[in-house]
$ cat protein_14.cif   # mmCIF, C-alpha atoms
data_work
loop_
_atom_site.group_PDB
_atom_site.id
_atom_site.type_symbol
_atom_site.label_atom_id
_atom_site.label_comp_id
_atom_site.auth_asym_id
_atom_site.auth_seq_id
_atom_site.Cartn_x
_atom_site.Cartn_y
_atom_site.Cartn_z
ATOM 1 C CA MET K 1052 23.377 15.153 15.691
ATOM 2 C CA SER K 1053 26.065 15.831 13.107
ATOM 3 C CA PHE K 1054 26.728 19.210 11.621
ATOM 4 C CA VAL K 1055 27.174 19.245 7.865
ATOM 5 C CA GLU K 1056 28.395 22.279 5.985
ATOM 6 C CA ILE K 1057 26.606 22.711 2.684
ATOM 7 C CA PRO K 1058 28.808 24.135 -0.071
ATOM 8 C CA PHE K 1059 27.819 27.673 -0.987
ATOM 9 C CA ASP K 1060 26.876 26.740 -4.561
ATOM 10 C CA LEU K 1061 24.286 24.239 -3.223
ATOM 11 C CA GLN K 1062 22.832 26.287 -0.369
ATOM 12 C CA GLN K 1063 20.313 28.105 -2.586
ATOM 13 C CA PHE K 1064 19.197 24.820 -4.127
ATOM 14 C CA VAL K 1065 18.581 23.297 -0.700
ATOM 15 C CA GLN K 1066 16.763 26.390 0.562
ATOM 16 C CA THR K 1067 14.549 26.450 -2.531
ATOM 17 C CA ALA K 1068 13.721 22.757 -2.111
ATOM 18 C CA VAL K 1069 12.581 23.432 1.481
ATOM 19 C CA SER K 1070 10.762 26.714 0.784
ATOM 20 C CA SER K 1071 8.866 25.142 -2.140
ATOM 21 C CA GLY K 1072 7.417 22.576 0.240
ATOM 22 C CA ALA K 1073 9.050 19.636 -1.524
ATOM 23 C CA PHE K 1074 10.957 18.901 1.696
ATOM 24 C CA GLN K 1075 10.271 19.730 5.326
ATOM 25 C CA SER K 1076 13.885 20.515 6.238
ATOM 26 C CA GLU K 1077 17.431 20.780 4.984
ATOM 27 C CA SER K 1078 18.086 17.406 6.591
ATOM 28 C CA GLU K 1079 15.413 15.812 4.401
ATOM 29 C CA VAL K 1080 16.998 17.308 1.285
ATOM 30 C CA LEU K 1081 20.407 15.952 2.266
ATOM 31 C CA ALA K 1082 18.978 12.537 3.189
ATOM 32 C CA GLU K 1083 17.270 12.268 -0.216
ATOM 33 C CA GLY K 1084 20.521 13.247 -1.920
ATOM 34 C CA LEU K 1085 22.346 10.514 -0.029
ATOM 35 C CA ARG K 1086 19.654 7.966 -0.930
ATOM 36 C CA LEU K 1087 20.057 8.892 -4.600
ATOM 37 C CA LEU K 1088 23.830 8.550 -4.309
ATOM 38 C CA GLN K 1089 23.358 5.157 -2.684
ATOM 39 C CA ARG K 1090 21.045 4.043 -5.528
ATOM 40 C CA ARG K 1091 23.514 5.289 -8.124
ATOM 41 C CA GLU K 1092 26.320 3.284 -6.543
ATOM 42 C CA GLN K 1093 24.099 0.172 -6.442
ATOM 43 C CA LEU K 1094 23.212 0.671 -10.099
ATOM 44 C CA ARG K 1095 26.899 1.091 -10.959
ATOM 45 C CA ARG K 1096 27.683 -2.215 -9.205
ATOM 46 C CA GLU K 1097 24.836 -3.967 -11.040
ATOM 47 C CA VAL K 1098 25.914 -2.588 -14.427
ATOM 48 C CA ASN K 1099 29.500 -3.669 -13.784
ATOM 49 C CA GLU K 1100 28.289 -7.143 -12.815
ATOM 50 C CA GLY K 1101 26.229 -7.289 -16.019
ATOM 51 C CA ILE K 1102 29.272 -6.321 -18.070
ATOM 52 C CA SER K 1103 31.306 -9.010 -16.331
ATOM 53 C CA GLN K 1104 28.606 -11.581 -17.084
ATOM 54 C CA LEU K 1105 28.601 -10.589 -20.753
ATOM 55 C CA GLU K 1106 32.378 -10.847 -20.871
ATOM 56 C CA ARG K 1107 32.079 -14.380 -19.460
ATOM 57 C CA GLY K 1108 29.600 -15.262 -22.192
ATOM 58 C CA GLU K 1109 26.619 -15.368 -19.825
ATOM 59 C CA GLY K 1110 24.484 -12.976 -21.830
ATOM 60 C CA VAL K 1111 21.145 -13.704 -23.487
ATOM 61 C CA ASP K 1112 20.606 -12.995 -27.174
ATOM 62 C CA GLY K 1113 18.416 -9.930 -27.769
ATOM 63 C CA GLU K 1114 15.860 -11.896 -29.779
ATOM 64 C CA GLU K 1115 15.545 -14.375 -26.912
ATOM 65 C CA VAL K 1116 14.948 -11.520 -24.473
ATOM 66 C CA PHE K 1117 12.099 -10.169 -26.603
ATOM 67 C CA ARG K 1118 10.634 -13.666 -27.037
ATOM 68 C CA ARG K 1119 10.583 -14.071 -23.241
ATOM 69 C CA LEU K 1120 9.059 -10.618 -22.765
ATOM 70 C CA ASP K 1121 6.349 -11.366 -25.321
ATOM 71 C CA ALA K 1122 5.543 -14.679 -23.612
ATOM 72 C CA ARG K 1123 5.370 -12.946 -20.242
ATOM 73 C CA ALA K 1124 3.070 -10.235 -21.637
ATOM 74 C CA VAL K 1125 0.731 -12.946 -22.958
ATOM 75 C CA GLN K 1126 0.694 -14.613 -19.511
ATOM 76 C CA ILE K 1127 -0.145 -11.329 -17.803
ATOM 77 C CA ALA K 1128 -2.886 -10.561 -20.331
ATOM 78 C CA GLN K 1129 -4.382 -14.033 -19.881
ATOM 79 C CA LYS K 1130 -4.384 -13.683 -16.088
ATOM 80 C CA ALA K 1131 -5.989 -10.253 -16.364
ATOM 81 C CA GLY K 1132 -8.641 -11.646 -18.702
ATOM 82 C CA ALA K 1133 -9.300 -14.575 -16.350
ATOM 83 C CA SER K 1134 -9.759 -12.270 -13.354
ATOM 84 C CA ASP K 1135 -12.187 -10.035 -15.295
ATOM 85 C CA ALA K 1136 -14.499 -12.955 -16.060
#
$ encode --input "protein_14.cif" --output "structure tokens"
Amino acid sequence: MSFVEIPFDLQQFVQTAVSSGAFQSESEVLAEGLRLLQRREQLRREVNEGISQLERGEGVDGEEVFRRLDARAVQIAQKAGASDA
């Protein structure tokens, strides 16, 4: 098992998270923090890829996006109505 030193300014936060019952241990708090950091980095990569796609002219017009969303909402509503019958 690794030993991790928690910076003083975060120790109280971690202790409060455990004592409140939100987490079972300090390790769980740190693991959740790392998962969030991992998700943030993934999101950053995806946003950068989206920007690159737009710069290459691979974007979809906003009106087209809403048209597709509306069509999809109609499909979902129709399926829901068919399953209720």
$ atom_distance --input "protein_14.cif" --atom1 "atom CA of K:Ile1127" --atom2 "atom CA of K:Val1111"
22.2 Å
$ residues_around --input "protein_14.cif" --residues "K:Gly1084" --least-positions-apart "5" --cutoff "12 Å" --atoms "all atoms listed in the file" --output "compact mmCIF listing (two decimals) with C-alpha atoms, in the frame of the given file"
# COMPACT_ATOMS: atom_id res chain seq x y z
CA LEU K 1061 24.29 24.24 -3.22
CA PHE K 1064 19.20 24.82 -4.13
CA VAL K 1065 18.58 23.30 -0.70
CA ALA K 1068 13.72 22.76 -2.11
CA PHE K 1074 10.96 18.90 1.70
CA GLU K 1077 17.43 20.78 4.98
CA SER K 1078 18.09 17.41 6.59
CA GLU K 1079 15.41 15.81 4.40
CA GLN K 1089 23.36 5.16 -2.68
CA ARG K 1090 21.04 4.04 -5.53
CA ARG K 1091 23.51 5.29 -8.12
$ closest_residue --input "protein_14.cif" --among "K:Val1098, K:Leu1120, K:Gln1126, K:Val1069" --to "K:Leu1081" --atoms "all atoms listed in the file"
K:Val1069
$ atom_distance --input "protein_14.cif" --atom1 "atom CA of K:Leu1088" --atom2 "atom CA of K:Gly1072"
22.1 Å
$ atom_distance --input "protein_14.cif" --atom1 "atom CA of K:Val1055" --atom2 "atom CA of K:Val1080"
12.3 Å
$ axis_aligned_box --input "protein_14.cif" --around "stretch 1052-1066 of chain K" --padding-each-side "4 Å" --output "AutoDock Vina command-line options"
--center_x 22.8 --center_y 21.6 --center_z 5.6 --size_x 20.0 --size_y 21.0 --size_z 28.3
$ decode --input "protein_14.cif" --residues "stretch 1098-1113 of chain K" --atoms "N, CA and C atoms" --output "PDB file, in the first residue's frame"
ATOM      1  N   VAL K1098     -13.194  17.673 -25.740  1.00  0.00           N
ATOM      2  CA  VAL K1098     -13.449  19.055 -26.158  1.00  0.00           C
ATOM      3  C   VAL K1098     -12.406  19.483 -27.182  1.00  0.00           C
ATOM      4  N   ASN K1099     -11.150  19.162 -26.934  1.00  0.00           N
ATOM      5  CA  ASN K1099     -10.097  19.518 -27.885  1.00  0.00           C
ATOM      6  C   ASN K1099     -10.311  18.830 -29.228  1.00  0.00           C
ATOM      7  N   GLU K1100     -10.756  17.576 -29.207  1.00  0.00           N
ATOM      8  CA  GLU K1100     -11.042  16.871 -30.451  1.00  0.00           C
ATOM      9  C   GLU K1100     -12.207  17.545 -31.167  1.00  0.00           C
ATOM     10  N   GLY K1101     -13.230  17.946 -30.428  1.00  0.00           N
ATOM     11  CA  GLY K1101     -14.358  18.658 -31.032  1.00  0.00           C
ATOM     12  C   GLY K1101     -13.924  19.962 -31.674  1.00  0.00           C
ATOM     13  N   ILE K1102     -13.057  20.689 -31.012  1.00  0.00           N
ATOM     14  CA  ILE K1102     -12.542  21.947 -31.571  1.00  0.00           C
ATOM     15  C   ILE K1102     -11.768  21.664 -32.847  1.00  0.00           C
ATOM     16  N   SER K1103     -10.953  20.623 -32.830  1.00  0.00           N
ATOM     17  CA  SER K1103     -10.197  20.254 -34.028  1.00  0.00           C
ATOM     18  C   SER K1103     -11.132  19.889 -35.175  1.00  0.00           C
ATOM     19  N   GLN K1104     -12.198  19.163 -34.871  1.00  0.00           N
ATOM     20  CA  GLN K1104     -13.169  18.802 -35.907  1.00  0.00           C
ATOM     21  C   GLN K1104     -13.819  20.048 -36.500  1.00  0.00           C
ATOM     22  N   LEU K1105     -14.187  20.990 -35.636  1.00  0.00           N
ATOM     23  CA  LEU K1105     -14.784  22.234 -36.126  1.00  0.00           C
ATOM     24  C   LEU K1105     -13.808  23.002 -37.006  1.00  0.00           C
ATOM     25  N   GLU K1106     -12.551  23.028 -36.593  1.00  0.00           N
ATOM     26  CA  GLU K1106     -11.538  23.728 -37.385  1.00  0.00           C
ATOM     27  C   GLU K1106     -11.338  23.071 -38.743  1.00  0.00           C
ATOM     28  N   ARG K1107     -11.592  21.769 -38.835  1.00  0.00           N
ATOM     29  CA  ARG K1107     -11.481  21.053 -40.106  1.00  0.00           C
ATOM     30  C   ARG K1107     -12.766  21.134 -40.921  1.00  0.00           C
ATOM     31  N   GLY K1108     -13.758  21.844 -40.394  1.00  0.00           N
ATOM     32  CA  GLY K1108     -15.017  21.993 -41.106  1.00  0.00           C
ATOM     33  C   GLY K1108     -15.944  20.810 -40.957  1.00  0.00           C
ATOM     34  N   GLU K1109     -15.751  20.014 -39.906  1.00  0.00           N
ATOM     35  CA  GLU K1109     -16.551  18.805 -39.697  1.00  0.00           C
ATOM     36  C   GLU K1109     -17.728  19.030 -38.764  1.00  0.00           C
ATOM     37  N   GLY K1110     -18.042  20.264 -38.485  1.00  0.00           N
ATOM     38  CA  GLY K1110     -19.135  20.562 -37.567  1.00  0.00           C
ATOM     39  C   GLY K1110     -20.498  20.411 -38.229  1.00  0.00           C
ATOM     40  N   VAL K1111     -21.533  20.400 -37.398  1.00  0.00           N
ATOM     41  CA  VAL K1111     -22.913  20.329 -37.872  1.00  0.00           C
ATOM     42  C   VAL K1111     -23.586  21.642 -37.495  1.00  0.00           C
ATOM     43  N   ASP K1112     -24.312  22.220 -38.439  1.00  0.00           N
ATOM     44  CA  ASP K1112     -25.035  23.455 -38.216  1.00  0.00           C
ATOM     45  C   ASP K1112     -25.985  23.301 -37.029  1.00  0.00           C
ATOM     46  N   GLY K1113     -26.105  24.332 -36.213  1.00  0.00           N
ATOM     47  CA  GLY K1113     -26.949  24.283 -35.023  1.00  0.00           C
ATOM     48  C   GLY K1113     -28.391  23.933 -35.330  1.00  0.00           C
TER      49      GLY K1113
END
